[in-house]
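**Q** Handing you a structure now.
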Amino acid sequence: MAAFSDITGHEQLVSYFLRSLDNGNISHAYILSGEDGMGKMTLARAFAMSLLCRTHDACGSCSSCLQFASDNHPDMIYVTHEKASLGVDDIRQQVNSDVAIKPYCSPHKIYIVPEADLMTPQAQNALLKTIEEPPEYAVILLLTSNIDSLLPTIQSRCVRLDLKVVDDSLIKKYLME
């Protein structure tokens with residue numbers, strides 16, 4: 001289960017997301033940037049689960065959380081690709097053509113783009129229109145280990161959250177518990 005309580009070492013980002021949820025100040029697009037294995041997907045999933053939860057606290061027991069936990073939530077979309085890069089057709093089919101459809105059972109519709117740095121410039125430009133003029137319910141999470149591969153126009157229209165390296169002693173303490 002992806003919950004903020006399961007995250008260690010990124011307290012500032014967890015706090016940021018929790019404040020955003022409490023204030024209802026949710027951005028339409030985020031970039032989570034950090035080295036591979038630092039927890040970008042874990043943070044993205046925890047935020048997505050909280051957004052989709054009926055109580056907004058990732059309760060783990062409502063129908064939305066249960067659907068999310070089984071990777072079967074209709075308003076949670078993982079953008080995938082089968083080639084070495086994420087192309088314009090992938091973005092058009094999985095994001096742009098889908099974003100116009102309102103959420104099925106939640107106030108938000110969430111798109112997670114793992115390895116967003118693999119998007120071609122054409123794919124990024126295709127995504128740009130959606131990021132510039134998103135429906136109010138859409139939230140796009142771009143996960144990247146190479147922020148410089150994203151176009152400046154994409155970077156400037158997203159909230160950028162950089163994951164810091166977690167201290168070894170904190171990891172050791174977590175594993176010992």
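Each chain in the structure tokens gets a letter, A, B and so on, in the order shown; residues start at 1 in every chain, and ligands are counted from 1 in the order they appear.
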Need to verify the contact set: Ala100 (chain A), 10 Å, only C-alpha atoms, exclusion of same-chain residues closer than 2 positions in sequence. Can you return it as a list in words?
**A**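 The residues that qualify are Val95, Asn96, Ser97, Asp98, Lys102, Pro103, Thr130, Pro134, Pro135, Tyr137 and Ala138 of chain A.
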**Q** I need the helix (DSSP H, G or I) residues of region 9-175 of chain A per DSSP on the backbone, written as a VMD selection string.
**A** chain A and resid 11 to 23 40 to 52 63 to 69 88 to 96 116 to 118 121 to 132 147 to 149 152 to 156 168 to 175
**Q** Tell me, which residues of region 74-133 of chain A carry DSSP strand (DSSP E or B), written as a list of chain:residue names?
**A**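 Assigned to strand (DSSP E or B), within region 74-133 of chain A: A:Met76, A:Ile77, A:Tyr78, A:Leu86, A:Lys109, A:Ile110, A:Tyr111, A:Ile112, A:Val113, A:Met119.
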**Q** Skipping near chain neighbours, those fewer than 2 positions away, what residues fall within 12 Å of Ser156 (chain A) using only C-alpha atoms, listed as a ChimeraX atom specification?
**A** /A:29-31,128,131-132,147,150-154,158-160
**Q** Go ahead and save the residues from that selection, with N, CA, C and O atoms, as a compact mmCIF listing (two decimals), in the first residue's frame.
**A**
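Result file is out_21.txt:
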```
# COMPACT_ATOMS: atom_id res chain seq x y z
N ALA A 29 0.23 19.78 -12.42
CA ALA A 29 1.38 19.02 -12.91
C ALA A 29 2.56 19.16 -11.96
O ALA A 29 2.86 20.25 -11.47
N TYR A 30 3.21 18.02 -11.72
CA TYR A 30 4.37 17.95 -10.84
C TYR A 30 5.49 17.21 -11.57
O TYR A 30 5.23 16.29 -12.34
N ILE A 31 6.71 17.60 -11.27
CA ILE A 31 7.89 16.85 -11.69
C ILE A 31 8.57 16.36 -10.42
O ILE A 31 8.96 17.17 -9.58
N LEU A 128 2.50 19.26 -23.69
CA LEU A 128 2.52 20.66 -23.28
C LEU A 128 1.14 21.31 -23.32
O LEU A 128 0.75 22.02 -22.40
N ILE A 131 -0.77 20.24 -20.36
CA ILE A 131 -0.25 20.86 -19.14
C ILE A 131 -0.61 22.34 -19.08
O ILE A 131 -0.90 22.88 -18.01
N GLU A 132 -0.65 23.00 -20.22
CA GLU A 132 -0.99 24.43 -20.25
C GLU A 132 -2.47 24.69 -19.99
O GLU A 132 -2.83 25.68 -19.38
N ILE A 147 16.33 15.62 -15.10
CA ILE A 147 15.47 16.80 -15.27
C ILE A 147 15.85 17.61 -16.51
O ILE A 147 14.99 18.21 -17.15
N LEU A 150 13.97 17.26 -19.90
CA LEU A 150 12.63 17.83 -20.10
C LEU A 150 12.77 19.25 -20.65
O LEU A 150 13.62 20.02 -20.18
N LEU A 151 11.93 19.56 -21.60
CA LEU A 151 11.97 20.89 -22.21
C LEU A 151 11.74 21.98 -21.16
O LEU A 151 10.95 21.78 -20.21
N PRO A 152 12.38 23.12 -21.32
CA PRO A 152 12.16 24.23 -20.37
C PRO A 152 10.68 24.63 -20.27
O PRO A 152 10.22 25.03 -19.20
N THR A 153 9.95 24.51 -21.36
CA THR A 153 8.52 24.86 -21.33
C THR A 153 7.74 23.90 -20.45
O THR A 153 6.79 24.32 -19.78
N ILE A 154 8.13 22.64 -20.42
CA ILE A 154 7.48 21.67 -19.52
C ILE A 154 7.86 22.00 -18.08
O ILE A 154 7.00 22.08 -17.20
N CYS A 158 5.29 23.19 -14.40
CA CYS A 158 5.08 22.15 -13.40
C CYS A 158 5.69 22.58 -12.07
O CYS A 158 6.64 23.35 -12.03
N VAL A 159 5.15 22.03 -11.00
CA VAL A 159 5.77 22.19 -9.69
C VAL A 159 6.90 21.17 -9.64
O VAL A 159 6.68 19.98 -9.82
N ARG A 160 8.10 21.65 -9.42
CA ARG A 160 9.28 20.77 -9.41
C ARG A 160 9.62 20.39 -7.98
O ARG A 160 9.83 21.25 -7.13
```
**Q** Select, from A:Asn25, A:Thr144, A:Gln155, A:Gln67, the residue with the minimum atom-to-atom distance to Met38 (chain A), counting only C-alpha atoms.
**A**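 Smallest separation from Met38 (chain A) among the options: A:Thr144.
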**Q** Neighbouring residues of region 73-76 of chain A were defined as those with any atom within 8 Å, considering only C-alpha atoms; residues of the same chain fewer than 3 positions away were excluded. Please report them as a PDB file with all heavy atoms, in the first residue's frame.
**A**
```
ATOM      1  N   ALA A  48      -1.090  10.143  -5.147  1.00  0.00           N
ATOM      2  CA  ALA A  48      -2.239   9.735  -5.966  1.00  0.00           C
ATOM      3  C   ALA A  48      -3.294   9.042  -5.116  1.00  0.00           C
ATOM      4  O   ALA A  48      -4.494   9.325  -5.238  1.00  0.00           O
ATOM      5  CB  ALA A  48      -1.773   8.825  -7.101  1.00  0.00           C
ATOM      6  N   LEU A  52      -7.166  10.277  -4.510  1.00  0.00           N
ATOM      7  CA  LEU A  52      -8.297   9.450  -4.924  1.00  0.00           C
ATOM      8  C   LEU A  52      -9.125   8.936  -3.758  1.00  0.00           C
ATOM      9  O   LEU A  52     -10.284   8.556  -3.930  1.00  0.00           O
ATOM     10  CB  LEU A  52      -7.794   8.265  -5.757  1.00  0.00           C
ATOM     11  CG  LEU A  52      -7.119   8.634  -7.082  1.00  0.00           C
ATOM     12  CD1 LEU A  52      -6.511   7.407  -7.737  1.00  0.00           C
ATOM     13  CD2 LEU A  52      -8.088   9.329  -8.021  1.00  0.00           C
ATOM     14  N   SER A  64     -12.284   3.328  -3.040  1.00  0.00           N
ATOM     15  CA  SER A  64     -11.261   3.947  -3.880  1.00  0.00           C
ATOM     16  C   SER A  64      -9.866   3.437  -3.514  1.00  0.00           C
ATOM     17  O   SER A  64      -9.061   3.102  -4.390  1.00  0.00           O
ATOM     18  CB  SER A  64     -11.340   5.462  -3.752  1.00  0.00           C
ATOM     19  OG  SER A  64     -10.478   6.079  -4.659  1.00  0.00           O
ATOM     20  N   GLN A  67      -9.469  -0.198  -4.621  1.00  0.00           N
ATOM     21  CA  GLN A  67      -9.220  -0.265  -6.065  1.00  0.00           C
ATOM     22  C   GLN A  67      -7.788   0.150  -6.373  1.00  0.00           C
ATOM     23  O   GLN A  67      -7.117  -0.462  -7.193  1.00  0.00           O
ATOM     24  CB  GLN A  67     -10.193   0.630  -6.830  1.00  0.00           C
ATOM     25  CG  GLN A  67     -11.577   0.082  -6.941  1.00  0.00           C
ATOM     26  CD  GLN A  67     -12.476   1.036  -7.705  1.00  0.00           C
ATOM     27  OE1 GLN A  67     -12.504   2.233  -7.438  1.00  0.00           O
ATOM     28  NE2 GLN A  67     -13.212   0.499  -8.653  1.00  0.00           N
ATOM     29  N   PHE A  68      -7.333   1.198  -5.718  1.00  0.00           N
ATOM     30  CA  PHE A  68      -5.976   1.680  -5.934  1.00  0.00           C
ATOM     31  C   PHE A  68      -4.955   0.617  -5.534  1.00  0.00           C
ATOM     32  O   PHE A  68      -3.997   0.360  -6.258  1.00  0.00           O
ATOM     33  CB  PHE A  68      -5.737   2.974  -5.142  1.00  0.00           C
ATOM     34  CG  PHE A  68      -4.409   3.605  -5.410  1.00  0.00           C
ATOM     35  CD1 PHE A  68      -4.265   4.534  -6.423  1.00  0.00           C
ATOM     36  CD2 PHE A  68      -3.288   3.265  -4.669  1.00  0.00           C
ATOM     37  CE1 PHE A  68      -3.030   5.120  -6.689  1.00  0.00           C
ATOM     38  CE2 PHE A  68      -2.058   3.837  -4.921  1.00  0.00           C
ATOM     39  CZ  PHE A  68      -1.925   4.771  -5.940  1.00  0.00           C
ATOM     40  N   SER A  70      -5.190  -2.492  -5.518  1.00  0.00           N
ATOM     41  CA  SER A  70      -5.169  -3.631  -6.449  1.00  0.00           C
ATOM     42  C   SER A  70      -4.805  -3.187  -7.867  1.00  0.00           C
ATOM     43  O   SER A  70      -4.965  -3.976  -8.804  1.00  0.00           O
ATOM     44  CB  SER A  70      -6.527  -4.333  -6.447  1.00  0.00           C
ATOM     45  OG  SER A  70      -7.531  -3.477  -6.968  1.00  0.00           O
ATOM     46  N   PRO A 103     -13.371  12.061 -14.654  1.00  0.00           N
ATOM     47  CA  PRO A 103     -13.107  10.920 -13.764  1.00  0.00           C
ATOM     48  C   PRO A 103     -14.373  10.098 -13.547  1.00  0.00           C
ATOM     49  O   PRO A 103     -15.479  10.633 -13.520  1.00  0.00           O
ATOM     50  CB  PRO A 103     -12.666  11.575 -12.458  1.00  0.00           C
ATOM     51  CG  PRO A 103     -12.304  12.971 -12.797  1.00  0.00           C
ATOM     52  CD  PRO A 103     -13.079  13.342 -14.016  1.00  0.00           C
ATOM     53  N   TYR A 104     -14.180   8.799 -13.364  1.00  0.00           N
ATOM     54  CA  TYR A 104     -15.319   7.903 -13.183  1.00  0.00           C
ATOM     55  C   TYR A 104     -15.898   7.974 -11.777  1.00  0.00           C
ATOM     56  O   TYR A 104     -17.100   8.036 -11.609  1.00  0.00           O
ATOM     57  CB  TYR A 104     -14.898   6.457 -13.471  1.00  0.00           C
ATOM     58  CG  TYR A 104     -14.598   6.217 -14.926  1.00  0.00           C
ATOM     59  CD1 TYR A 104     -13.291   6.155 -15.370  1.00  0.00           C
ATOM     60  CD2 TYR A 104     -15.619   6.057 -15.857  1.00  0.00           C
ATOM     61  CE1 TYR A 104     -12.997   5.951 -16.708  1.00  0.00           C
ATOM     62  CE2 TYR A 104     -15.337   5.859 -17.190  1.00  0.00           C
ATOM     63  CZ  TYR A 104     -14.023   5.802 -17.613  1.00  0.00           C
ATOM     64  OH  TYR A 104     -13.749   5.605 -18.939  1.00  0.00           O
ATOM     65  N   CYS A 105     -15.029   7.958 -10.778  1.00  0.00           N
ATOM     66  CA  CYS A 105     -15.556   7.858  -9.411  1.00  0.00           C
ATOM     67  C   CYS A 105     -14.798   8.715  -8.400  1.00  0.00           C
ATOM     68  O   CYS A 105     -14.993   8.550  -7.195  1.00  0.00           O
ATOM     69  CB  CYS A 105     -15.559   6.395  -8.975  1.00  0.00           C
ATOM     70  SG  CYS A 105     -13.963   5.583  -9.029  1.00  0.00           S
ATOM     71  N   SER A 106     -13.945   9.585  -8.856  1.00  0.00           N
ATOM     72  CA  SER A 106     -13.138  10.408  -7.955  1.00  0.00           C
ATOM     73  C   SER A 106     -13.168  11.857  -8.419  1.00  0.00           C
ATOM     74  O   SER A 106     -13.496  12.136  -9.571  1.00  0.00           O
ATOM     75  CB  SER A 106     -11.687   9.923  -7.954  1.00  0.00           C
ATOM     76  OG  SER A 106     -11.616   8.601  -7.521  1.00  0.00           O
ATOM     77  N   HIS A 108     -10.541  13.544  -8.917  1.00  0.00           N
ATOM     78  CA  HIS A 108      -9.333  13.738  -9.725  1.00  0.00           C
ATOM     79  C   HIS A 108      -9.110  12.559 -10.656  1.00  0.00           C
ATOM     80  O   HIS A 108      -9.552  11.446 -10.388  1.00  0.00           O
ATOM     81  CB  HIS A 108      -8.095  13.896  -8.830  1.00  0.00           C
ATOM     82  CG  HIS A 108      -8.150  15.073  -7.933  1.00  0.00           C
ATOM     83  ND1 HIS A 108      -7.922  16.362  -8.377  1.00  0.00           N
ATOM     84  CD2 HIS A 108      -8.427  15.179  -6.610  1.00  0.00           C
ATOM     85  CE1 HIS A 108      -8.058  17.197  -7.369  1.00  0.00           C
ATOM     86  NE2 HIS A 108      -8.363  16.514  -6.289  1.00  0.00           N
ATOM     87  N   LYS A 109      -8.396  12.841 -11.718  1.00  0.00           N
ATOM     88  CA  LYS A 109      -7.915  11.808 -12.633  1.00  0.00           C
ATOM     89  C   LYS A 109      -6.410  12.006 -12.702  1.00  0.00           C
ATOM     90  O   LYS A 109      -5.947  13.103 -13.028  1.00  0.00           O
ATOM     91  CB  LYS A 109      -8.558  11.981 -14.010  1.00  0.00           C
ATOM     92  CG  LYS A 109      -8.393  10.798 -14.903  1.00  0.00           C
ATOM     93  CD  LYS A 109      -9.312  10.955 -16.104  1.00  0.00           C
ATOM     94  CE  LYS A 109      -9.371   9.686 -16.894  1.00  0.00           C
ATOM     95  NZ  LYS A 109     -10.275   9.851 -18.043  1.00  0.00           N
ATOM     96  N   ILE A 110      -5.664  10.974 -12.363  1.00  0.00           N
ATOM     97  CA  ILE A 110      -4.226  11.118 -12.182  1.00  0.00           C
ATOM     98  C   ILE A 110      -3.472  10.332 -13.242  1.00  0.00           C
ATOM     99  O   ILE A 110      -3.789   9.182 -13.524  1.00  0.00           O
ATOM    100  CB  ILE A 110      -3.822  10.651 -10.773  1.00  0.00           C
ATOM    101  CG1 ILE A 110      -4.554  11.530  -9.767  1.00  0.00           C
ATOM    102  CG2 ILE A 110      -2.319  10.727 -10.585  1.00  0.00           C
ATOM    103  CD1 ILE A 110      -4.682  10.982  -8.422  1.00  0.00           C
ATOM    104  N   TYR A 111      -2.465  10.995 -13.799  1.00  0.00           N
ATOM    105  CA  TYR A 111      -1.586  10.396 -14.799  1.00  0.00           C
ATOM    106  C   TYR A 111      -0.169  10.381 -14.237  1.00  0.00           C
ATOM    107  O   TYR A 111       0.362  11.435 -13.911  1.00  0.00           O
ATOM    108  CB  TYR A 111      -1.607  11.209 -16.099  1.00  0.00           C
ATOM    109  CG  TYR A 111      -2.965  11.258 -16.735  1.00  0.00           C
ATOM    110  CD1 TYR A 111      -3.903  12.205 -16.344  1.00  0.00           C
ATOM    111  CD2 TYR A 111      -3.329  10.343 -17.717  1.00  0.00           C
ATOM    112  CE1 TYR A 111      -5.159  12.244 -16.911  1.00  0.00           C
ATOM    113  CE2 TYR A 111      -4.581  10.368 -18.294  1.00  0.00           C
ATOM    114  CZ  TYR A 111      -5.495  11.313 -17.887  1.00  0.00           C
ATOM    115  OH  TYR A 111      -6.744  11.347 -18.442  1.00  0.00           O
ATOM    116  N   ILE A 112       0.408   9.196 -14.124  1.00  0.00           N
ATOM    117  CA  ILE A 112       1.803   9.080 -13.708  1.00  0.00           C
ATOM    118  C   ILE A 112       2.617   8.675 -14.924  1.00  0.00           C
ATOM    119  O   ILE A 112       2.308   7.686 -15.588  1.00  0.00           O
ATOM    120  CB  ILE A 112       1.987   8.060 -12.568  1.00  0.00           C
ATOM    121  CG1 ILE A 112       1.293   8.557 -11.301  1.00  0.00           C
ATOM    122  CG2 ILE A 112       3.478   7.807 -12.304  1.00  0.00           C
ATOM    123  CD1 ILE A 112       1.441   7.645 -10.099  1.00  0.00           C
TER     124      ILE A 112
END
```
**Q** Record the distance separating CA of Lys129 (chain A) and CA of Asn72 (chain A), expressed in Å with one decimal.
**A**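 Distance reported for this atom pair: 27.6 Å.
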**Q** With only C-alpha atoms as the atoms that count, which of A:Val113, A:Leu32, A:Cys62, A:Val99 lies nearest to Thr80 (chain A)?
**A**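 For Thr80 (chain A), the nearest of the given residues is A:Val113.
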**Q** Need to verify the contact set: Glu35 (chain A), 9 Å, only C-alpha atoms, exclusion of same-chain residues closer than 3 positions in sequence. Can you return it as a ChimeraX atom specification?
**A** /A:38-40,144-146,163-165
**Q** Select, from A:Ala3, A:Met49, A:Ala44, A:Ile26, the residue with the minimum atom-to-atom distance to Ser63 (chain A), counting only C-alpha atoms.
**A**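 For Ser63 (chain A), the nearest of the given residues is A:Met49.
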